Structure formats: C-alpha cells, structure tokens
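The data block below is run-v9.cif; it holds mmCIF, C-alpha atoms and all ligand atoms.
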data_model
#
loop_
_atom_site.label_atom_id
_atom_site.label_comp_id
_atom_site.auth_asym_id
_atom_site.auth_seq_id
_atom_site.Cartn_x
_atom_site.Cartn_y
_atom_site.Cartn_z
CA MET A 1 0.73 -21.90 -31.40
CA HIS A 2 -2.88 -21.16 -32.35
CA ASP A 3 -5.02 -23.03 -29.81
CA LYS A 4 -7.82 -24.44 -31.96
CA LYS A 5 -9.70 -25.86 -29.02
CA GLN A 6 -9.77 -22.54 -27.21
CA PHE A 7 -10.84 -20.81 -30.40
CA PHE A 8 -13.69 -23.16 -31.23
CA MET A 9 -15.10 -24.18 -27.88
CA ARG A 10 -17.35 -22.04 -25.74
CA ASP A 11 -17.59 -22.85 -22.05
CA PRO A 12 -20.34 -25.47 -21.95
CA TRP A 13 -23.52 -24.62 -20.08
CA VAL A 14 -23.57 -25.94 -16.52
CA PHE A 15 -27.00 -26.52 -15.02
CA ASP A 16 -27.65 -24.87 -11.66
CA PRO A 17 -31.03 -25.90 -10.20
CA ASP A 18 -30.84 -23.00 -7.72
CA ALA A 19 -30.11 -20.29 -10.29
CA GLU A 20 -32.66 -17.52 -10.25
CA LYS A 21 -35.04 -17.91 -13.20
CA VAL A 22 -34.81 -15.00 -15.64
CA LYS A 23 -38.20 -13.36 -16.17
CA PRO A 24 -39.39 -14.38 -19.65
CA ARG A 25 -39.98 -11.83 -22.37
CA ASP A 26 -43.44 -10.20 -22.38
CA ALA A 27 -44.53 -12.05 -19.22
CA ARG A 28 -46.90 -9.14 -18.50
CA LEU A 29 -48.90 -9.91 -21.67
CA GLY A 30 -51.58 -12.57 -22.03
CA PHE A 31 -50.78 -15.69 -24.06
CA ASP A 32 -52.99 -14.69 -27.02
CA THR A 33 -51.34 -11.27 -27.14
CA ARG A 34 -47.85 -12.82 -27.14
CA CYS A 35 -48.90 -15.04 -30.10
CA LEU A 36 -49.55 -11.84 -32.05
CA HIS A 37 -46.94 -9.37 -30.83
CA SER A 38 -43.86 -10.93 -29.22
CA GLY A 39 -40.59 -10.44 -31.05
CA PHE A 40 -41.84 -7.84 -33.51
CA ASP A 41 -42.82 -4.19 -33.18
CA PRO A 42 -43.91 -2.55 -36.49
CA ALA A 43 -42.79 0.81 -35.06
CA GLU A 44 -39.19 -0.42 -35.21
CA THR A 45 -39.30 -1.02 -38.98
CA ARG A 46 -37.79 1.71 -41.17
CA GLU A 47 -38.53 3.19 -44.63
CA PRO A 48 -38.54 1.83 -47.29
CA PHE A 49 -39.31 -1.49 -45.57
CA ARG A 50 -41.83 -0.15 -43.08
CA SER A 51 -44.14 -3.06 -42.41
CA PHE A 52 -47.14 -4.16 -40.35
CA VAL A 53 -46.19 -7.84 -40.84
CA PRO A 54 -42.72 -9.17 -39.85
CA PRO A 55 -40.73 -8.94 -43.11
CA ILE A 56 -39.26 -12.03 -44.78
CA VAL A 57 -35.60 -11.07 -44.95
CA GLN A 58 -34.55 -13.60 -47.58
CA SER A 59 -30.87 -12.65 -47.45
CA MET A 60 -28.19 -15.06 -46.28
CA THR A 61 -25.52 -12.42 -45.74
CA TYR A 62 -25.63 -9.01 -44.10
CA PRO A 63 -23.31 -6.18 -45.19
CA TYR A 64 -20.60 -4.72 -42.98
CA GLU A 65 -20.81 -0.94 -42.48
CA THR A 66 -17.12 -0.59 -41.67
CA PHE A 67 -14.23 -3.06 -41.67
CA ASP A 68 -14.24 -3.48 -37.88
CA GLU A 69 -17.94 -3.58 -37.10
CA ILE A 70 -19.34 -7.08 -37.44
CA PRO A 71 -23.05 -6.83 -38.30
CA CYS A 72 -25.57 -8.92 -36.36
CA PRO A 73 -26.74 -11.02 -38.09
CA VAL A 74 -23.65 -11.51 -40.19
CA TYR A 75 -24.42 -14.75 -42.06
CA GLY A 76 -27.66 -16.70 -42.48
CA ARG A 77 -26.27 -19.93 -41.04
CA THR A 78 -26.19 -18.40 -37.55
CA ARG A 79 -29.36 -16.31 -37.51
CA THR A 80 -31.60 -14.20 -39.75
CA PRO A 81 -33.89 -11.31 -38.77
CA THR A 82 -37.10 -13.22 -39.58
CA ASN A 83 -35.91 -16.23 -37.66
CA THR A 84 -35.03 -14.04 -34.68
CA VAL A 85 -38.66 -12.83 -34.53
CA LEU A 86 -39.81 -16.46 -34.48
CA GLU A 87 -37.26 -17.42 -31.80
CA GLU A 88 -38.26 -14.52 -29.58
CA ARG A 89 -41.94 -15.32 -30.05
CA LEU A 90 -41.50 -19.01 -29.20
CA ALA A 91 -39.44 -18.14 -26.10
CA ALA A 92 -42.20 -15.74 -25.01
CA LEU A 93 -44.91 -18.36 -25.57
CA GLU A 94 -43.10 -21.06 -23.61
CA GLY A 95 -42.07 -18.64 -20.85
CA GLY A 96 -38.36 -19.33 -21.44
CA GLU A 97 -35.37 -17.04 -21.59
CA ALA A 98 -34.22 -17.79 -25.14
CA CYS A 99 -34.89 -20.03 -28.16
CA VAL A 100 -32.90 -21.52 -31.02
CA THR A 101 -34.68 -22.97 -34.03
CA ALA A 102 -33.57 -25.96 -36.11
CA GLY A 103 -34.32 -27.62 -39.45
CA SER A 104 -36.80 -30.03 -37.78
CA GLY A 105 -37.95 -31.18 -34.34
CA SER A 106 -35.73 -34.25 -34.65
CA GLN A 107 -32.78 -32.02 -35.44
CA ALA A 108 -33.59 -29.79 -32.45
CA LEU A 109 -33.45 -32.88 -30.22
CA PHE A 110 -30.15 -33.96 -31.75
CA ASN A 111 -28.70 -30.46 -31.33
CA LEU A 112 -29.68 -30.32 -27.66
CA ILE A 113 -28.22 -33.71 -26.75
CA PHE A 114 -25.12 -33.25 -28.92
CA THR A 115 -24.45 -29.98 -27.07
CA ILE A 116 -25.24 -31.13 -23.55
CA ALA A 117 -23.70 -34.65 -23.42
CA ARG A 118 -20.11 -35.86 -23.86
CA PRO A 119 -18.90 -39.46 -24.49
CA GLY A 120 -19.59 -41.50 -21.37
CA ASP A 121 -22.57 -39.38 -20.29
CA ASN A 122 -26.18 -40.58 -20.28
CA VAL A 123 -29.72 -39.30 -20.76
CA VAL A 124 -32.74 -40.70 -18.90
CA THR A 125 -36.06 -41.00 -20.75
CA SER A 126 -38.90 -43.50 -21.23
CA LEU A 127 -40.33 -45.45 -24.17
CA ASN A 128 -43.11 -42.86 -24.44
CA ILE A 129 -41.27 -40.87 -27.10
CA PHE A 130 -41.68 -40.15 -30.81
CA GLY A 131 -40.19 -42.60 -33.33
CA GLU A 132 -37.20 -40.62 -34.62
CA GLY A 133 -36.32 -39.65 -31.05
CA TYR A 134 -36.28 -43.34 -30.12
CA LYS A 135 -34.00 -44.06 -33.10
CA GLN A 136 -31.54 -41.37 -31.96
CA ALA A 137 -31.67 -42.74 -28.40
CA ALA A 138 -31.42 -46.41 -29.31
CA THR A 139 -28.73 -46.26 -31.97
CA ILE A 140 -27.28 -42.97 -33.16
CA PHE A 141 -26.15 -41.49 -29.85
CA PRO A 142 -24.98 -44.72 -28.18
CA GLU A 143 -23.20 -46.03 -31.28
CA ARG A 144 -21.76 -42.84 -32.74
CA CYS A 145 -21.21 -40.64 -29.67
CA ASN A 146 -21.01 -43.09 -26.74
CA VAL A 147 -23.92 -41.33 -25.03
CA ALA A 148 -26.18 -43.92 -23.38
CA PHE A 149 -29.96 -43.69 -23.01
CA ARG A 150 -31.76 -45.25 -20.07
CA PHE A 151 -35.47 -46.01 -20.40
CA VAL A 152 -37.56 -45.76 -17.24
CA ASP A 153 -39.81 -48.83 -16.92
CA ASP A 154 -42.52 -47.18 -14.79
CA PRO A 155 -42.70 -43.54 -15.94
CA ALA A 156 -45.74 -42.88 -13.74
CA ASN A 157 -43.51 -43.36 -10.66
CA PRO A 158 -41.11 -40.45 -9.93
CA ALA A 159 -38.85 -42.85 -7.96
CA ALA A 160 -38.29 -44.86 -11.15
CA TRP A 161 -36.81 -41.74 -12.79
CA ASP A 162 -34.66 -41.09 -9.74
CA ALA A 163 -33.34 -44.67 -9.79
CA LEU A 164 -31.77 -44.25 -13.26
CA ILE A 165 -29.94 -40.96 -12.57
CA ASP A 166 -26.24 -41.06 -11.78
CA ASN A 167 -23.37 -38.57 -11.83
CA ARG A 168 -23.03 -38.88 -15.64
CA THR A 169 -26.72 -38.08 -16.30
CA LYS A 170 -26.88 -34.85 -18.27
CA LEU A 171 -30.58 -34.63 -19.10
CA ILE A 172 -34.00 -36.05 -18.27
CA TRP A 173 -36.26 -36.12 -21.33
CA VAL A 174 -40.03 -36.34 -20.95
CA GLU A 175 -42.58 -36.24 -23.77
CA SER A 176 -46.04 -35.38 -22.42
CA PRO A 177 -48.64 -36.17 -23.65
CA SER A 178 -46.62 -38.68 -25.62
CA ASN A 179 -46.86 -39.64 -29.26
CA PRO A 180 -48.62 -41.99 -30.06
CA CYS A 181 -50.18 -43.28 -26.81
CA LEU A 182 -50.85 -39.95 -25.06
CA PHE A 183 -49.13 -41.01 -21.84
CA VAL A 184 -49.09 -38.07 -19.43
CA THR A 185 -46.07 -37.63 -17.16
CA ASP A 186 -46.29 -35.78 -13.86
CA ILE A 187 -44.03 -32.86 -14.80
CA PRO A 188 -43.78 -31.19 -11.34
CA ALA A 189 -42.99 -34.54 -9.67
CA VAL A 190 -40.26 -35.46 -12.19
CA ALA A 191 -38.89 -31.88 -12.02
CA GLU A 192 -38.53 -32.23 -8.26
CA VAL A 193 -36.55 -35.46 -8.69
CA CYS A 194 -34.34 -33.87 -11.36
CA HIS A 195 -33.58 -30.77 -9.34
CA ALA A 196 -32.77 -32.74 -6.19
CA ARG A 197 -30.18 -34.59 -8.31
CA GLY A 198 -28.93 -31.43 -10.09
CA VAL A 199 -30.06 -32.58 -13.57
CA PRO A 200 -32.11 -30.43 -15.99
CA LEU A 201 -35.55 -31.58 -17.13
CA MET A 202 -36.48 -31.23 -20.80
CA VAL A 203 -40.15 -31.56 -21.77
CA ASP A 204 -41.15 -32.14 -25.39
CA ASN A 205 -44.25 -29.93 -25.67
CA THR A 206 -45.02 -30.76 -29.31
CA THR A 207 -48.37 -32.49 -28.83
CA ALA A 208 -49.89 -29.98 -26.38
CA THR A 209 -48.08 -26.76 -27.42
CA ALA A 210 -47.73 -23.79 -25.09
CA ALA A 211 -51.37 -22.95 -25.78
CA LEU A 212 -52.47 -25.92 -23.65
CA GLN A 213 -49.49 -26.68 -21.41
CA GLN A 214 -46.69 -24.56 -19.95
CA PRO A 215 -43.94 -27.03 -18.95
CA MET A 216 -41.60 -24.32 -17.64
CA ALA A 217 -44.25 -23.04 -15.23
CA LEU A 218 -44.59 -26.69 -14.08
CA GLY A 219 -40.84 -26.98 -13.36
CA ALA A 220 -39.17 -27.91 -16.68
CA ASP A 221 -35.84 -26.22 -17.51
CA ILE A 222 -35.84 -26.83 -21.27
CA VAL A 223 -38.64 -27.25 -23.84
CA LEU A 224 -38.31 -29.11 -27.14
CA LEU A 225 -40.71 -28.41 -30.00
CA SER A 226 -41.43 -29.83 -33.40
CA ILE A 227 -42.67 -26.73 -35.21
CA THR A 228 -43.77 -29.04 -38.03
CA LYS A 229 -46.94 -30.05 -36.15
CA PHE A 230 -49.60 -27.82 -34.51
CA LEU A 231 -47.39 -24.71 -34.46
CA ALA A 232 -47.20 -24.63 -38.25
CA GLY A 233 -50.66 -26.15 -38.49
CA ASN A 234 -50.99 -27.18 -42.10
CA ALA A 235 -48.17 -29.55 -43.14
CA THR A 236 -46.37 -26.81 -45.06
CA VAL A 237 -43.27 -26.32 -42.89
CA ILE A 238 -40.68 -28.54 -41.23
CA GLY A 239 -38.84 -27.06 -38.28
CA GLY A 240 -37.98 -27.42 -34.60
CA ALA A 241 -36.87 -25.42 -31.60
CA VAL A 242 -35.25 -25.61 -28.18
CA ILE A 243 -36.22 -23.10 -25.49
CA GLY A 244 -34.20 -22.68 -22.31
CA PRO A 245 -31.64 -20.59 -20.41
CA GLU A 246 -29.74 -18.24 -22.70
CA PRO A 247 -26.23 -19.70 -22.08
CA LEU A 248 -27.51 -23.16 -23.12
CA ILE A 249 -29.32 -21.79 -26.16
CA GLU A 250 -26.24 -19.88 -27.31
CA ASP A 251 -24.13 -23.02 -26.75
CA ILE A 252 -26.51 -24.95 -29.05
CA ARG A 253 -26.48 -22.12 -31.60
CA TRP A 254 -22.68 -22.09 -31.60
CA ASN A 255 -22.23 -25.86 -31.85
CA THR A 256 -24.99 -26.86 -34.23
CA THR A 257 -26.29 -23.75 -36.00
CA GLU A 258 -23.11 -21.74 -36.58
CA PHE A 259 -20.80 -24.71 -37.27
CA ILE A 260 -23.12 -27.38 -38.64
CA GLY A 261 -25.82 -25.31 -40.32
CA SER A 262 -29.01 -26.56 -38.71
CA VAL A 263 -31.35 -23.82 -39.86
CA ILE A 264 -34.94 -23.05 -40.75
CA SER A 265 -35.25 -20.73 -43.76
CA PRO A 266 -36.58 -17.14 -43.42
CA LEU A 267 -39.63 -17.95 -45.56
CA GLU A 268 -40.53 -20.92 -43.36
CA ALA A 269 -39.92 -18.91 -40.18
CA TRP A 270 -42.31 -16.27 -41.55
CA MET A 271 -44.96 -18.89 -42.39
CA VAL A 272 -44.82 -20.19 -38.82
CA LEU A 273 -45.29 -16.63 -37.51
CA GLN A 274 -48.54 -16.42 -39.51
CA TYR A 275 -49.79 -19.73 -38.08
CA LEU A 276 -48.85 -18.78 -34.50
CA GLU A 277 -51.31 -15.88 -34.65
CA THR A 278 -54.20 -18.39 -34.58
CA LEU A 279 -52.59 -21.03 -32.33
CA PRO A 280 -54.75 -20.50 -29.19
CA MET A 281 -58.08 -20.73 -31.02
CA ARG A 282 -56.91 -23.61 -33.23
CA MET A 283 -55.74 -25.65 -30.23
CA LEU A 284 -59.07 -25.19 -28.46
CA ARG A 285 -61.00 -26.25 -31.57
CA HIS A 286 -58.67 -29.26 -32.11
CA SER A 287 -59.31 -30.21 -28.47
CA GLU A 288 -63.12 -29.85 -28.69
CA ASN A 289 -63.23 -31.94 -31.86
CA ALA A 290 -60.85 -34.59 -30.50
CA LEU A 291 -62.94 -35.00 -27.35
CA LYS A 292 -66.09 -35.58 -29.44
CA VAL A 293 -64.29 -38.10 -31.65
CA ALA A 294 -62.71 -39.82 -28.61
CA GLU A 295 -66.12 -40.13 -26.92
CA PHE A 296 -67.57 -41.63 -30.11
CA LEU A 297 -64.71 -44.14 -30.44
CA ALA A 298 -64.84 -45.07 -26.75
CA GLY A 299 -68.51 -46.05 -27.18
CA HIS A 300 -67.98 -47.97 -30.42
CA PRO A 301 -68.17 -51.80 -30.21
CA ALA A 302 -65.41 -52.24 -32.83
CA VAL A 303 -62.85 -50.23 -30.84
CA GLU A 304 -60.80 -52.00 -28.17
CA LEU A 305 -59.16 -48.99 -26.50
CA VAL A 306 -58.98 -45.21 -26.87
CA ASN A 307 -55.99 -43.17 -25.67
CA TYR A 308 -57.08 -39.59 -25.01
CA SER A 309 -56.41 -37.80 -21.74
CA GLY A 310 -59.66 -35.86 -22.04
CA LEU A 311 -61.66 -39.05 -21.37
CA PRO A 312 -62.31 -39.62 -17.65
CA ALA A 313 -61.33 -43.30 -18.19
CA HIS A 314 -57.77 -42.31 -19.22
CA PRO A 315 -55.43 -43.41 -16.37
CA GLN A 316 -53.89 -39.93 -16.05
CA HIS A 317 -57.06 -37.91 -16.72
CA GLU A 318 -56.86 -35.98 -13.44
CA LEU A 319 -53.14 -35.31 -13.81
CA ALA A 320 -53.72 -34.09 -17.38
CA CYS A 321 -56.49 -31.76 -16.15
CA ARG A 322 -54.02 -30.28 -13.63
CA GLN A 323 -51.24 -29.81 -16.18
CA MET A 324 -53.17 -28.81 -19.30
CA CYS A 325 -56.05 -26.43 -19.97
CA ALA A 326 -57.42 -28.75 -22.70
CA HIS A 327 -56.34 -32.13 -24.02
CA GLY A 328 -55.25 -31.38 -27.58
CA GLY A 329 -55.97 -32.78 -31.02
CA LEU A 330 -54.03 -36.04 -30.92
CA LEU A 331 -55.53 -39.39 -29.91
CA SER A 332 -55.00 -43.03 -30.73
CA PHE A 333 -57.22 -46.10 -30.69
CA VAL A 334 -56.91 -49.84 -31.12
CA ALA A 335 -58.85 -51.61 -33.86
CA PRO A 336 -59.33 -55.35 -33.36
CA GLY A 337 -57.40 -57.79 -35.56
CA GLY A 338 -53.85 -56.39 -35.32
CA ILE A 339 -52.18 -54.96 -38.42
CA PRO A 340 -54.76 -56.28 -40.95
CA GLY A 341 -57.58 -54.95 -38.76
CA ALA A 342 -56.00 -51.47 -38.59
CA ALA A 343 -55.23 -51.53 -42.32
CA GLY A 344 -58.85 -52.37 -43.11
CA VAL A 345 -60.17 -49.43 -41.07
CA MET A 346 -57.61 -47.02 -42.52
CA ASN A 347 -58.26 -48.13 -46.10
CA ARG A 348 -62.00 -47.58 -45.68
CA LEU A 349 -61.63 -43.99 -44.42
CA GLU A 350 -62.77 -41.50 -47.06
CA LEU A 351 -62.48 -38.02 -45.55
CA ILE A 352 -59.66 -38.75 -43.11
CA VAL A 353 -56.30 -38.84 -44.91
CA HIS A 354 -53.61 -41.47 -44.28
CA ALA A 355 -50.30 -39.54 -43.92
CA VAL A 356 -47.27 -39.21 -41.63
CA THR A 357 -47.62 -36.12 -39.49
CA PHE A 358 -50.05 -34.59 -37.02
CA GLY A 359 -51.27 -31.15 -35.98
CA THR A 360 -52.76 -30.32 -39.39
CA SER A 361 -56.03 -28.50 -39.93
CA ARG A 362 -57.31 -31.54 -41.85
CA THR A 363 -57.67 -34.83 -39.98
CA ILE A 364 -54.94 -37.43 -40.51
CA CYS A 365 -54.56 -41.06 -39.50
CA MET A 366 -51.34 -43.07 -39.26
CA HIS A 367 -50.24 -46.57 -38.13
CA PRO A 368 -47.39 -46.15 -35.57
CA PRO A 369 -46.36 -49.85 -35.26
CA THR A 370 -45.32 -50.02 -38.91
CA ILE A 371 -44.53 -46.40 -39.77
CA THR A 372 -42.92 -44.49 -36.87
CA HIS A 373 -42.20 -47.01 -34.08
CA GLU A 374 -41.22 -49.94 -36.29
CA HIS A 375 -37.64 -49.97 -34.91
CA MET A 376 -38.77 -50.68 -31.36
CA THR A 377 -38.65 -54.36 -30.44
CA PRO A 378 -42.09 -56.00 -30.03
CA GLU A 379 -41.44 -56.04 -26.26
CA GLU A 380 -40.64 -52.32 -26.25
CA ARG A 381 -43.76 -51.55 -28.29
CA LYS A 382 -45.81 -53.60 -25.83
CA ALA A 383 -44.31 -51.68 -22.88
CA ALA A 384 -45.08 -48.40 -24.66
CA GLY A 385 -48.69 -49.49 -25.32
CA ILE A 386 -48.21 -49.63 -29.11
CA ASP A 387 -50.54 -52.46 -30.08
CA ASP A 388 -50.37 -53.80 -33.66
CA GLY A 389 -53.91 -52.48 -34.16
CA LEU A 390 -53.06 -48.96 -32.94
CA ILE A 391 -54.19 -46.10 -35.20
CA ARG A 392 -53.07 -42.55 -34.43
CA LEU A 393 -55.59 -39.84 -35.24
CA SER A 394 -54.74 -36.18 -35.49
CA VAL A 395 -58.14 -34.56 -35.23
CA GLY A 396 -58.41 -31.47 -37.40
CA LEU A 397 -60.70 -28.49 -37.61
CA GLU A 398 -63.53 -30.05 -39.67
CA ASN A 399 -67.09 -30.37 -38.45
CA PRO A 400 -66.68 -33.25 -35.92
CA GLN A 401 -69.89 -34.93 -37.11
CA ASP A 402 -68.29 -35.48 -40.53
CA LEU A 403 -65.26 -37.12 -38.89
CA ILE A 404 -67.47 -39.31 -36.73
CA ALA A 405 -69.50 -40.38 -39.79
CA ASP A 406 -66.32 -41.30 -41.67
CA LEU A 407 -64.95 -43.32 -38.73
CA ASP A 408 -68.32 -44.99 -38.22
CA GLN A 409 -68.48 -46.26 -41.80
CA ALA A 410 -64.79 -47.32 -41.72
CA LEU A 411 -65.22 -49.26 -38.50
CA GLY A 412 -67.84 -51.18 -40.41
CA MET A 413 -70.47 -51.99 -37.81
CA SER A 414 -73.08 -49.30 -38.38
C1 LIG B 501 -43.45 -35.37 -29.91
C2 LIG B 501 -42.55 -35.13 -31.07
N1 LIG B 501 -41.44 -34.40 -30.91
C3 LIG B 501 -40.60 -34.16 -31.95
C4 LIG B 501 -40.85 -34.66 -33.20
C5 LIG B 501 -39.88 -34.41 -34.34
O1 LIG B 501 -40.40 -33.51 -35.20
P1 LIG B 501 -39.99 -33.34 -36.77
O2 LIG B 501 -40.93 -34.19 -37.54
O3 LIG B 501 -40.16 -31.87 -36.98
O4 LIG B 501 -38.58 -33.79 -36.90
C6 LIG B 501 -42.00 -35.42 -33.41
C7 LIG B 501 -42.28 -35.99 -34.74
O5 LIG B 501 -43.21 -36.73 -34.92
C8 LIG B 501 -42.88 -35.65 -32.33
O6 LIG B 501 -43.99 -36.39 -32.47
#
Go through the file and emit its structure as structure tokens.
Ligand SMILES: Cc1ncc(COP(=O)(O)O)c(C=O)c1O
Amino acid sequence: MHDKKQFFMRDPWVFDPDAEKVKPRDARLGFDTRCLHSGFDPAETREPFRSFVPPIVQSMTYPYETFDEIPCPVYGRTRTPTNTVLEERLAALEGGEACVTAGSGSQALFNLIFTIARPGDNVVTSLNIFGEGYKQAATIFPERCNVAFRFVDDPANPAAWDALIDNRTKLIWVESPSNPCLFVTDIPAVAEVCHARGVPLMVDNTTATAALQQPMALGADIVLLSITKFLAGNATVIGGAVIGPEPLIEDIRWNTTEFIGSVISPLEAWMVLQYLETLPMRMLRHSENALKVAEFLAGHPAVELVNYSGLPAHPQHELACRQMCAHGGLLSFVAPGGIPGAAGVMNRLELIVHAVTFGTSRTICMHPPTITHEHMTPEERKAAGIDDGLIRLSVGLENPQDLIADLDQALGMS
C-alpha cells in the first residue's frame, strides 16, 4: 500500500546544542557589503536578461527541460529566483545558515512553531511579545494544536526561564527589544540556559534588525523577522522570515511553504532587496532621531515614563549597550490620564501619523492597549508594562526638531 505518511513527512529537525555551527554565507564580508551583494552576482545573469539589479522573476512555474529533470525552482509556491536572493541575503545578514520567507512576520512565527512542536509540546516565552504573537500563543496554538505556551514572570532572571522548561519544551522565544515596551532580554544568558537544557533559542530581531543586533552571534539558534517593518522601511510590503539551521529551514519550507502556500511574491521580495541596500544607514539615522526624541520626552513634564534602551535611565541600558550597536527607532511613552489622555495627545499630533505599523521612514504613533495588545488581560498588560496611557512611537527619518515640535504642541504644556 502507498504509505502516505512516509511520502509526506520529512524527518523533523532535531536540535543538537553541540552541533558545529555552519559558517554563514559571506562571513568574510562586512555587514554593509552583505546588504548590497549577498545572494546575487550580476556576473551570473545571462543574455537576454543580463542585469545589474536582481531581476523580478514574476513567473509562478518553471519549465522542465526534459521529462526526468525537475527544474529548481519548479513551482512558485515553494520558491522563486527573486525570493531565493532575498532568503540568501537575509541569512547572510543574520549570520545564519539558511532562511525561509513567509507572507508576514506573524505567518513566519506560525510556520516555525507549527513545524517544531507537536500536540502535547510546549513553548516558553514571556509577555514581552508583539500582539499577534500573543494571540497565537494564548489561543490559536493551545486551542487548535494542543501546544501550550508558558509565560516567564521575571524575564530579566535567566533562572525564571530555566524553571519553565521541561522535556516537552520545543522552543524558547525571546523578543528583544520587545514591542511595545522595549524590554531587553539578556540573550547570551538565556541561550546558556536553553543549551544546557537542549532546547533551541529563537530571538525575534524585528525591532533592532541585524544592522543593530546579531542574535546568532550572541547565542541564538533561530531568528524570526517581520520584514514588514524596518527591513522594508516604508509600509509598502508585508512579509516575514525565519533564519536558522538548514534542516530546520527546509522542514519549514516543506510543511508550510510547499504544502500550505505561505509565500511572499517576487515583486515584494524584490522591493525588500532595494530597501535592504540602505538598511545600515537608515537604522543609524532612526536610532539618532529616536534618542533625541526620547531625551525630549524624558524631560517633558507631561510625560510619565519613556521606554527607550538608549536612555541611561532604562533598566537594561547597559545590557542593551552590550548587545546592540545602537538602540533603534522604536520607543514608547506614557501620557497621563489613561486612554483619554493618550487619545488627546495622539489626536493633536499634526506631522506624526496615527497608524498600525513601525519601521517606516515617516514617524508613526500607535496605542498598543487598544490596538495590538487588547486581547491581553488587564493583569497581563500590567505585567508587560502596557499602561492605558502608553503610546508607541516609531521614529522616522525626518528632521528630529520637527518631530519634537509636533510632540511638544501635542503634549499641550508649551
Ligand atoms: C516584534 C514583531 N515580530 C513580528 C511581528 C509580525 O509581523 P507582521 O506584521 O509582518 O505579521 C510584529 C508585528 O508587529 C512585531 O512587532
């Protein structure tokens, strides 16, 4: 009889903390150079499609030359040439062996956990995670797949992570700095705990990006990315990626790309490649601007609290300085007066746009308690530091004095 299970299932990836790390692609090149060159060599293009820029191969099927020779790629659901350039570039930037992209960052998270965990398994994380990730952890996976999520109550303490791991733990998931409260987790310390227990560590590097933080060099085994944010830079693309050991990445590709069709289109992959060329300089400018705005807010009498790891008063400032080369473009602050207080400030902003995303070249504000983290219980929001008056600010590339002037008039005390 045809054994369907044998036909469909690959051997699942098994994590080995002692496995020798494969040297990442282009490790000899500097980070800025990898942003421009990795994954694509114009010399390898052929007439009549010889090209300086990676071509957009907007074809979802790829012809066979002979009956027996399966082309690679064969069908756009599994991979496309443009997407392969993006995957190789992202793997090179994060210092990982391989990468698989997905239709969004949330989908990339789903694909990773769906591939790695079976019913009865669990994942350990904290409440310092993005809203859709929390919704997957709190309802979708436990209710639909019988995969439990355990939330560490003191994420600053490596022993608290250790305490929640058992022999059914398949993944530790850290988001650092976290959205929206910019909590910084000690990646090397948590990696040590994970590896002693034989569990892989995944770090969501969306807010910092590889330009500012290299989780794999700090001990992470897997990196999750929302491409939608700083990587694509201008709110024109939605996409995500997982970077990690090749057997895991191919397992994810098989389970969720090939069979389920979680893909990013060639045009969008190409757009991201254009944005990646300027990632290092954009991230430094976002960071410089955010620090100026954070300093202004921290000194403003109508602001109760500022979350930005670049401020010396941030509880993990020194840790952030060890792990990151700059502190990024995302910050949050608490306006007095709860939800009406935050609404008043946001409604008065003129230059800064109210919208749901971050990492854009133009500055954006958003209200996490009602828009992204509304499904957390009030107690969970309190534990995660999400005050009713919390406003998230994604500081863009404008002249920072213009942003400060807009915030000053909106805060209403000048
Ligand atoms: C840290 C982080 N990771 C992942 C995601 C998911 O990204 P996407 O919006 O592409 O699904 C988000 C979204 O806000 C995020 O903030």
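Distances here use all atoms listed in the file; by that measure, the residue among A:Val193, A:Ile264, A:Met324, A:Val74 closest to Tyr62 (chain A) is A:Val74.
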- Item | Nearby polymer residues, ligand LIG 501 (chain B), at most 10 Å, only C-alpha atoms and all ligand atoms, as number ranges by chain | A: 102-110, 128-133, 174-180, 182, 203-208, 224-229, 237-241, 356-359, 372
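When CA of Gln323 (chain A) is paired with CA of Leu93 (chain A), their separation reads 16.1 Å.
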Would you compute, for all listed atoms of region 68-74 of chain A, the axis-aligned bounding box grown by 4 Å on each side, and then report its centre and edge lengths in Å rounded to one decimal, as AutoDock Vina command-line options?
--center_x -20.5 --center_y -7.5 --center_z -38.3 --size_x 20.5 --size_y 16.0 --size_z 11.8
- Query: What's the 9 Å shell around Val85 (chain A), counting all atoms listed in the file, without same-chain residues fewer than 3 positions away, as an MDAnalysis selection string?
  - Reply: chainID A and resid 38:40 54 80:82 88:90 269:270 273
